[in-house]
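*Asks:* Next up, my_file_27.csv (CSV, C-alpha atoms).
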```csv
chain,number,residue,atom,x,y,z
A,1,MET,CA,-50.0,47.1,-151.3
A,2,THR,CA,-46.2,47.2,-151.2
A,3,SER,CA,-44.2,48.1,-154.2
A,4,PRO,CA,-41.7,45.7,-155.7
A,5,GLN,CA,-39.0,48.1,-154.7
A,6,ASN,CA,-40.0,47.9,-150.9
A,7,ASP,CA,-40.1,44.1,-151.1
A,8,ALA,CA,-36.6,44.0,-152.5
A,9,GLN,CA,-35.3,46.3,-149.7
A,10,GLN,CA,-36.9,44.2,-147.0
A,11,LEU,CA,-35.6,41.0,-148.5
A,12,GLU,CA,-32.1,42.4,-148.6
A,13,MET,CA,-32.4,43.5,-144.9
A,14,PHE,CA,-33.4,40.0,-143.8
A,15,GLN,CA,-30.6,38.4,-145.8
A,16,ASP,CA,-28.1,40.7,-144.0
A,17,MET,CA,-29.6,39.8,-140.6
A,18,PHE,CA,-29.5,36.0,-141.2
A,19,ALA,CA,-25.9,36.3,-142.5
A,20,ALA,CA,-24.9,38.1,-139.3
A,21,LEU,CA,-26.6,35.4,-137.2
A,22,LYS,CA,-24.7,32.7,-139.1
A,23,SER,CA,-21.3,34.3,-139.0
A,24,PRO,CA,-19.2,33.4,-135.9
A,25,ALA,CA,-19.2,36.0,-133.1
A,26,PRO,CA,-15.9,37.8,-132.6
A,27,PRO,CA,-13.9,36.3,-129.8
A,28,ALA,CA,-14.5,37.8,-126.4
A,29,ALA,CA,-11.7,39.8,-124.9
A,30,ALA,CA,-9.6,37.7,-122.5
A,31,PRO,CA,-10.3,38.6,-118.9
A,32,PRO,CA,-7.4,40.6,-117.3
A,33,ALA,CA,-4.8,38.4,-115.6
A,34,PRO,CA,-5.3,38.3,-111.9
A,35,GLN,CA,-3.0,40.6,-110.0
A,36,SER,CA,-0.9,39.0,-107.4
A,37,TYR,CA,-1.5,40.6,-104.0
A,38,ALA,CA,1.5,41.8,-102.1
A,39,PRO,CA,1.0,43.3,-98.6
A,40,PRO,CA,2.3,46.8,-98.2
A,41,ALA,CA,5.8,47.0,-96.8
A,42,PRO,CA,5.8,48.3,-93.2
A,43,LEU,CA,7.0,51.8,-92.8
A,44,PHE,CA,9.0,50.9,-89.7
A,45,LYS,CA,10.6,47.6,-88.8
A,46,ALA,CA,10.5,46.6,-85.2
A,47,PRO,CA,13.9,45.7,-83.8
A,48,SER,CA,14.4,42.0,-83.2
A,49,THR,CA,14.0,40.8,-79.7
A,50,PRO,CA,17.4,39.9,-78.2
A,51,THR,CA,17.8,36.4,-77.0
A,52,ARG,CA,17.5,36.4,-73.2
A,53,SER,CA,19.6,34.0,-71.4
A,54,LEU,CA,19.9,33.0,-67.8
A,55,PRO,CA,23.4,32.7,-66.5
A,56,ALA,CA,24.3,29.7,-64.4
A,57,PRO,CA,27.2,29.4,-61.9
A,58,PRO,CA,30.3,27.5,-63.1
A,59,VAL,CA,30.9,24.1,-61.6
A,60,GLY,CA,34.4,23.0,-60.7
A,61,PRO,CA,35.6,19.4,-60.5
A,62,ASN,CA,35.2,19.3,-56.7
A,63,ASP,CA,32.0,21.4,-56.6
A,64,PRO,CA,28.6,19.8,-55.9
A,65,PRO,CA,26.2,19.7,-58.9
A,66,LEU,CA,23.9,22.7,-59.4
A,67,GLN,CA,20.3,22.7,-58.2
A,68,LYS,CA,17.5,23.7,-60.5
A,69,ILE,CA,14.0,25.1,-60.1
A,70,GLN,CA,11.3,25.9,-62.6
A,71,LEU,CA,10.1,29.6,-62.2
A,72,GLY,CA,7.3,30.1,-64.6
A,73,SER,CA,8.6,29.2,-68.1
A,74,HIS,CA,12.2,29.5,-67.0
A,75,THR,CA,14.5,26.8,-65.6
A,76,VAL,CA,16.9,28.4,-63.1
A,77,HIS,CA,20.1,26.6,-62.2
A,78,TYR,CA,21.7,27.7,-58.9
A,79,ALA,CA,24.5,26.9,-56.6
A,80,LEU,CA,23.4,25.9,-53.1
A,81,ARG,CA,25.6,26.3,-50.0
A,82,ARG,CA,24.6,25.4,-46.4
A,83,SER,CA,25.7,27.6,-43.5
A,84,ALA,CA,24.8,28.3,-39.8
A,85,ARG,CA,22.7,31.3,-40.9
A,86,ARG,CA,19.0,31.4,-39.8
A,87,SER,CA,17.5,32.6,-43.1
A,88,HIS,CA,18.0,32.1,-46.8
A,89,GLY,CA,20.4,34.4,-48.6
A,90,PHE,CA,20.5,35.1,-52.3
A,91,MET,CA,23.4,36.5,-54.3
A,92,ILE,CA,23.3,37.1,-58.1
A,93,ASP,CA,26.2,38.2,-60.2
A,94,ASP,CA,27.3,37.6,-63.8
A,95,ASP,CA,27.8,33.9,-63.0
A,96,GLY,CA,24.2,33.4,-61.9
A,97,LEU,CA,22.3,32.7,-58.7
A,98,ARG,CA,23.9,31.4,-55.5
A,99,VAL,CA,21.7,30.5,-52.5
A,100,THR,CA,22.9,30.1,-48.9
A,101,SER,CA,20.5,28.3,-46.7
A,102,PRO,CA,20.4,27.0,-43.1
A,103,ARG,CA,21.8,23.5,-42.7
A,104,ARG,CA,18.5,22.1,-41.5
A,105,SER,CA,16.3,23.6,-44.2
A,106,SER,CA,14.5,21.1,-46.4
A,107,HIS,CA,14.6,21.2,-50.2
A,108,ALA,CA,11.0,22.3,-50.1
A,109,ASP,CA,11.8,25.1,-47.8
A,110,ILE,CA,14.6,26.3,-50.0
A,111,GLU,CA,12.3,26.2,-53.1
A,112,SER,CA,9.6,28.1,-51.3
A,113,ALA,CA,12.1,30.8,-50.4
A,114,ILE,CA,13.2,31.1,-54.0
A,115,ARG,CA,9.7,31.3,-55.3
A,116,ALA,CA,8.9,34.1,-52.8
A,117,LYS,CA,11.6,36.2,-54.5
A,118,GLN,CA,10.9,34.8,-58.0
A,119,GLY,CA,10.3,38.2,-59.6
A,120,TRP,CA,13.4,39.8,-58.3
A,121,ILE,CA,15.5,36.7,-59.1
A,122,LEU,CA,14.4,36.5,-62.7
A,123,THR,CA,14.8,40.2,-63.3
A,124,LYS,CA,18.4,40.2,-61.9
A,125,LEU,CA,19.3,37.1,-63.8
A,126,PHE,CA,18.1,38.5,-67.1
A,127,GLU,CA,20.0,41.8,-66.5
A,128,ARG,CA,23.2,39.9,-65.7
A,129,GLY,CA,22.7,37.6,-68.8
A,130,GLU,CA,22.3,40.6,-71.1
A,131,ARG,CA,25.3,42.4,-69.5
A,132,ARG,CA,27.4,39.3,-70.1
A,133,VAL,CA,26.4,39.2,-73.7
A,134,MET,CA,27.2,42.9,-74.2
A,135,ARG,CA,30.6,42.4,-72.6
A,136,ALA,CA,31.4,39.5,-74.9
A,137,GLN,CA,30.7,41.8,-77.9
A,138,ARG,CA,33.1,44.5,-76.8
A,139,ALA,CA,36.5,44.5,-78.5
A,140,PRO,CA,39.4,44.0,-76.2
A,141,VAL,CA,42.1,46.7,-75.8
A,142,GLU,CA,45.0,46.3,-78.2
A,143,TRP,CA,48.2,46.4,-76.2
A,144,VAL,CA,50.2,48.7,-78.5
A,145,ASP,CA,52.0,52.0,-78.0
A,146,GLY,CA,49.3,54.7,-77.8
A,147,ALA,CA,46.5,52.5,-76.4
A,148,ARG,CA,44.0,54.3,-74.2
A,149,LEU,CA,43.4,52.8,-70.8
A,150,PRO,CA,40.6,53.9,-68.4
A,151,TYR,CA,41.7,55.4,-65.1
A,152,LEU,CA,39.5,57.3,-62.6
A,153,GLY,CA,36.8,58.0,-65.1
A,154,GLY,CA,39.2,59.4,-67.8
A,155,ASP,CA,41.8,57.9,-70.2
A,156,ILE,CA,45.5,57.6,-69.9
A,157,THR,CA,47.9,56.8,-72.7
A,158,LEU,CA,50.0,53.7,-72.7
A,159,ARG,CA,53.6,54.4,-73.8
A,160,LEU,CA,55.9,51.4,-74.6
A,161,GLN,CA,59.6,52.0,-74.6
A,162,GLY,CA,62.4,49.6,-75.2
A,163,ALA,CA,64.4,49.1,-72.0
A,164,ALA,CA,67.0,46.8,-70.5
A,165,ARG,CA,64.9,46.5,-67.3
A,166,SER,CA,61.1,46.5,-66.9
A,167,HIS,CA,59.5,49.5,-65.3
A,168,CYS,CA,56.0,51.1,-65.1
A,169,VAL,CA,55.9,54.8,-64.3
A,170,PHE,CA,52.8,57.1,-64.4
A,171,ASP,CA,53.2,60.7,-65.5
A,172,ALA,CA,50.2,62.4,-64.0
A,173,GLU,CA,50.9,65.7,-65.8
A,174,ALA,CA,51.1,64.1,-69.3
A,175,ARG,CA,48.6,61.4,-68.3
A,176,THR,CA,50.8,58.6,-69.7
A,177,LEU,CA,51.7,55.2,-68.3
A,178,ASN,CA,55.3,54.6,-69.4
A,179,VAL,CA,56.2,50.9,-69.5
A,180,GLY,CA,59.7,49.7,-70.2
A,181,VAL,CA,59.5,46.7,-72.6
A,182,THR,CA,62.4,44.3,-72.3
A,183,PRO,CA,63.5,42.0,-75.1
A,184,GLY,CA,61.2,39.0,-75.5
A,185,LEU,CA,58.4,40.5,-73.3
A,186,SER,CA,55.2,38.8,-74.3
A,187,GLU,CA,51.8,40.5,-74.5
A,188,TRP,CA,50.4,38.6,-71.5
A,189,GLN,CA,53.4,39.7,-69.4
A,190,LEU,CA,52.8,43.3,-70.5
A,191,ARG,CA,49.2,43.0,-69.4
A,192,GLU,CA,50.2,41.6,-66.1
A,193,ARG,CA,52.6,44.4,-65.5
A,194,VAL,CA,49.9,47.0,-66.2
A,195,LYS,CA,47.4,45.2,-64.1
A,196,ARG,CA,49.8,45.2,-61.1
A,197,TRP,CA,50.1,49.0,-61.5
A,198,PHE,CA,46.3,49.4,-61.5
A,199,GLN,CA,46.0,47.2,-58.4
A,200,ASP,CA,48.7,49.2,-56.6
A,201,GLU,CA,46.9,52.4,-57.4
A,202,ALA,CA,43.6,50.9,-56.2
A,203,ARG,CA,45.2,49.8,-52.9
A,204,ARG,CA,46.6,53.3,-52.4
A,205,LEU,CA,43.4,55.0,-53.2
A,206,PHE,CA,41.2,52.7,-51.1
A,207,GLY,CA,43.3,53.5,-48.0
A,208,GLU,CA,43.1,57.2,-48.6
A,209,ARG,CA,39.3,57.2,-49.2
A,210,LEU,CA,38.5,54.8,-46.3
A,211,ASP,CA,40.5,57.1,-43.9
A,212,LEU,CA,38.6,60.1,-45.3
A,213,TYR,CA,35.1,58.7,-45.0
A,214,ALA,CA,35.2,56.5,-41.9
A,215,PRO,CA,35.0,59.5,-39.5
A,216,ARG,CA,32.2,60.9,-41.6
A,217,VAL,CA,30.2,57.7,-41.3
A,218,GLY,CA,31.1,57.5,-37.7
A,219,VAL,CA,32.9,54.1,-37.7
A,220,SER,CA,36.3,52.7,-37.7
A,221,TYR,CA,37.4,49.7,-39.8
A,222,ASN,CA,39.8,47.0,-38.9
A,223,ALA,CA,41.6,46.3,-42.2
A,224,TYR,CA,41.1,46.4,-45.9
A,225,ALA,CA,42.2,44.5,-49.0
A,226,ILE,CA,41.6,44.5,-52.7
A,227,SER,CA,39.5,41.8,-54.4
A,228,SER,CA,39.1,40.6,-58.0
A,229,ALA,CA,35.4,39.6,-57.8
A,230,GLY,CA,33.5,39.4,-61.1
A,231,THR,CA,31.1,42.3,-60.5
A,232,ARG,CA,30.8,42.6,-56.7
A,233,TRP,CA,32.3,45.9,-55.8
A,234,GLY,CA,32.9,45.4,-52.1
A,235,SER,CA,32.2,43.4,-49.0
A,236,CYS,CA,32.4,44.0,-45.2
A,237,THR,CA,32.5,41.7,-42.3
A,238,VAL,CA,31.2,42.2,-38.7
A,239,ALA,CA,34.9,42.2,-37.6
A,240,GLY,CA,35.4,45.4,-39.7
A,241,ASN,CA,37.4,43.8,-42.6
A,242,ILE,CA,36.6,45.5,-45.9
A,243,ARG,CA,37.3,44.2,-49.4
A,244,LEU,CA,37.0,46.5,-52.4
A,245,ASN,CA,37.2,45.5,-56.1
A,246,TRP,CA,40.4,46.9,-57.6
A,247,LYS,CA,38.7,47.5,-60.9
A,248,LEU,CA,37.0,50.5,-59.3
A,249,VAL,CA,40.2,52.3,-60.2
A,250,HIS,CA,38.9,52.5,-63.8
A,251,TYR,CA,35.8,54.5,-62.7
A,252,PRO,CA,35.3,58.2,-61.6
A,253,LEU,CA,36.5,58.9,-58.1
A,254,ALA,CA,32.9,59.7,-57.0
A,255,LEU,CA,31.8,56.2,-57.8
A,256,LEU,CA,34.7,54.7,-55.9
A,257,ASP,CA,33.7,56.9,-53.0
A,258,TYR,CA,30.2,55.6,-53.1
A,259,VAL,CA,31.3,52.0,-52.8
A,260,VAL,CA,33.7,53.0,-49.9
A,261,VAL,CA,30.8,54.7,-48.1
A,262,HIS,CA,28.5,51.8,-48.8
A,263,GLU,CA,30.9,49.3,-47.2
A,264,LEU,CA,31.6,51.6,-44.2
A,265,ALA,CA,27.9,52.0,-43.6
A,266,HIS,CA,27.6,48.2,-43.1
A,267,LEU,CA,29.6,48.7,-39.9
A,268,ARG,CA,26.5,50.5,-38.6
A,269,GLU,CA,23.9,48.4,-40.3
A,270,MET,CA,24.9,45.0,-41.5
A,271,ASN,CA,22.0,44.8,-44.0
A,272,HIS,CA,20.3,46.7,-46.8
A,273,SER,CA,17.4,48.0,-44.8
A,274,PRO,CA,16.0,51.5,-45.0
A,275,ARG,CA,18.1,52.3,-42.0
A,276,PHE,CA,21.2,51.2,-43.9
A,277,TRP,CA,20.4,53.5,-46.9
A,278,ALA,CA,19.7,56.3,-44.5
A,279,VAL,CA,23.3,55.9,-43.1
A,280,VAL,CA,24.7,56.0,-46.7
A,281,GLY,CA,22.6,59.0,-47.5
A,282,GLU,CA,24.0,61.0,-44.6
A,283,VAL,CA,27.4,61.0,-46.4
A,284,PHE,CA,26.5,60.3,-50.0
A,285,PRO,CA,23.0,61.7,-50.7
A,286,ASP,CA,22.9,60.7,-54.4
A,287,TYR,CA,23.6,57.0,-53.8
A,288,ASP,CA,20.8,56.1,-56.3
A,289,GLY,CA,22.5,58.1,-59.1
A,290,ALA,CA,25.9,56.5,-58.2
A,291,LYS,CA,24.4,53.0,-58.3
A,292,ALA,CA,22.9,53.7,-61.8
A,293,ALA,CA,26.1,55.2,-63.1
A,294,LEU,CA,28.2,52.3,-61.8
A,295,LYS,CA,25.9,49.8,-63.5
A,296,LYS,CA,25.9,51.8,-66.8
A,297,ARG,CA,29.6,52.3,-66.9
A,298,SER,CA,30.4,48.7,-66.1
A,299,VAL,CA,28.6,47.7,-69.3
A,300,GLU,CA,30.5,50.3,-71.4
A,301,MET,CA,33.9,49.6,-69.9
A,302,PRO,CA,36.4,48.3,-72.5
A,303,VAL,CA,37.9,44.8,-72.0
A,304,LEU,CA,41.4,45.2,-70.6
A,305,PHE,CA,42.0,41.9,-69.1
A,306,PRO,CA,39.9,39.1,-70.8
A,307,GLU,CA,40.7,36.6,-68.1
A,308,GLU,CA,39.0,38.7,-65.4
```
Take the structure from the file and write it as structure tokens.
*Replies:*
Amino acid sequence: MTSPQNDAQQLEMFQDMFAALKSPAPPAAAPPAPQSYAPPAPLFKAPSTPTRSLPAPPVGPNDPPLQKIQLGSHTVHYALRRSARRSHGFMIDDDGLRVTSPRRSSHADIESAIRAKQGWILTKLFERGERRVMRAQRAPVEWVDGARLPYLGGDITLRLQGAARSHCVFDAEARTLNVGVTPGLSEWQLRERVKRWFQDEARRLFGERLDLYAPRVGVSYNAYAISSAGTRWGSCTVAGNIRLNWKLVHYPLALLDYVVVHELAHLREMNHSPRFWAVVGEVFPDYDGAKAALKKRSVEMPVLFPEE
């Protein structure tokens, strides 16, 4: 038998339990706000891929329209010329692809010949396109007193002096090109005066180097002249007439000599076969290094004459 005191304690306990059941439950804690996910920043950022462009030959008012061919995913525009030659010839420079084909070749034959050299053509066109973009990004030389001009692989200093008559004199010891500036002389006239000096120097040097190397190659040439081709450094005909790009005067003498030997070697081998390169190697063993250096320096060369 329970005592009245125990009954009172049990009643009080049940009353507390019922009161707890009837009282509202404390609000549940709000769930944590979802965290926005941000991917980790890359440690290294890959350089953007440069836009690759394919150069196309310019078309003059009297020139025939360009031809075009699809090589993979690339549309190539090219200038076509017909000649008496028996095979297809390809020439690529900063102005794009030029194809010379036999007069009786059909369009299908020409396209077949182009596709046979597709890899080489696209590689060279991309190289030329990138070089052209890099050249366009180079700042031109400022034609002021103290300007530095490239000459035979080094720099010479342009000195402008007021004068009653125009003159252009090179001081080899001081390595300065002294130009007399007459009243009213414009910048383009100054550039033309300096260009003529460079061309005269090139003409003199070419004669000296041709006479030096022709006996070593074992040939004799008929005549030589300077050219202003875009990036073609030289040419040689079967008659022994040699043309050399006057802008070679900006480069080290060793690179000028390589081009001279290259053109003289064509008088023994009018091609670019292994026999031809063997002839070049007899006189200029490191022709591969010279080719690479000429290509590299042509991209780095400052812009002297924007119109060239």
*Asks:* My list of candidates is A:Leu248, A:Val141, A:Val280, A:Val99. Which is closest to Ile121 (chain A) when distances are computed with only C-alpha atoms?
*Replies:*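 Result for the nearest residue to Ile121 (chain A): A:Val99.
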*Asks:* Name the closest residue to Arg196 (chain A) among the candidates A:Val249, A:Met91, A:Leu125, A:Val259; distances are taken between atoms, counting all atoms listed in the file.
*Replies:* A:Val249
*Asks:* Which residue gives the smallest distance to Glu201 (chain A) among A:Gly240, A:Val59, A:Arg103, A:Asn245, with all atoms listed in the file counted?
*Replies:* A:Asn245
*Asks:* May I have the residues within 12 Å of region 150-162 of chain A as a PyMOL selection string, using all atoms listed in the file and disregarding those fewer than 6 positions away in the same chain?
*Replies:* chain A and resi 141-144+168-185+187+190-191+193-195+197-199+201-202+205+246-257+293-294+297-298+300-304
*Asks:* Taking all atoms listed in the file into account, name the residue in A:Arg204, A:Lys124, A:Arg268, A:Arg275 that is nearest to Leu244 (chain A).
*Replies:* A:Arg204
*Asks:* Which residues are close to region 131-133 of chain A, i.e. within 9 Å by all atoms listed in the file, leaving aside same-chain residues fewer than 5 positions away? Reply as an MDAnalysis selection string.
*Replies:* chainID A and resid 53 55 94:95 126 298:299
*Asks:* Suppose we keep C-alpha atoms; can you now write the selection as a tab-separated table (two decimals), in the coordinates of the input?
*Replies:*
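Wrote part18.tsv, looks like this:
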```tsv
chain	number	residue	atom	x	y	z
A	53	SER	CA	19.60	34.00	-71.40
A	55	PRO	CA	23.40	32.70	-66.50
A	94	ASP	CA	27.30	37.60	-63.80
A	95	ASP	CA	27.80	33.90	-63.00
A	126	PHE	CA	18.10	38.50	-67.10
A	298	SER	CA	30.40	48.70	-66.10
A	299	VAL	CA	28.60	47.70	-69.30
```
*Asks:* Nearest residue to Glu282 (chain A) out of A:Pro140, A:Gly89, A:Gly218, A:Gly207, using all atoms listed in the file?
*Replies:*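 Of the candidates, the smallest distance to Glu282 (chain A) is held by A:Gly218.
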*Asks:* Have a look at CA of Glu111 (chain A) and CA of Asn271 (chain A) and let me know their distance in Å, one decimal.
*Replies:*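 That distance, rounded to one decimal, is 22.9 Å.
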*Asks:* What is the distance between CA of Ile110 (chain A) and CA of His272 (chain A), in Å to one decimal?
*Replies:* 21.4 Å
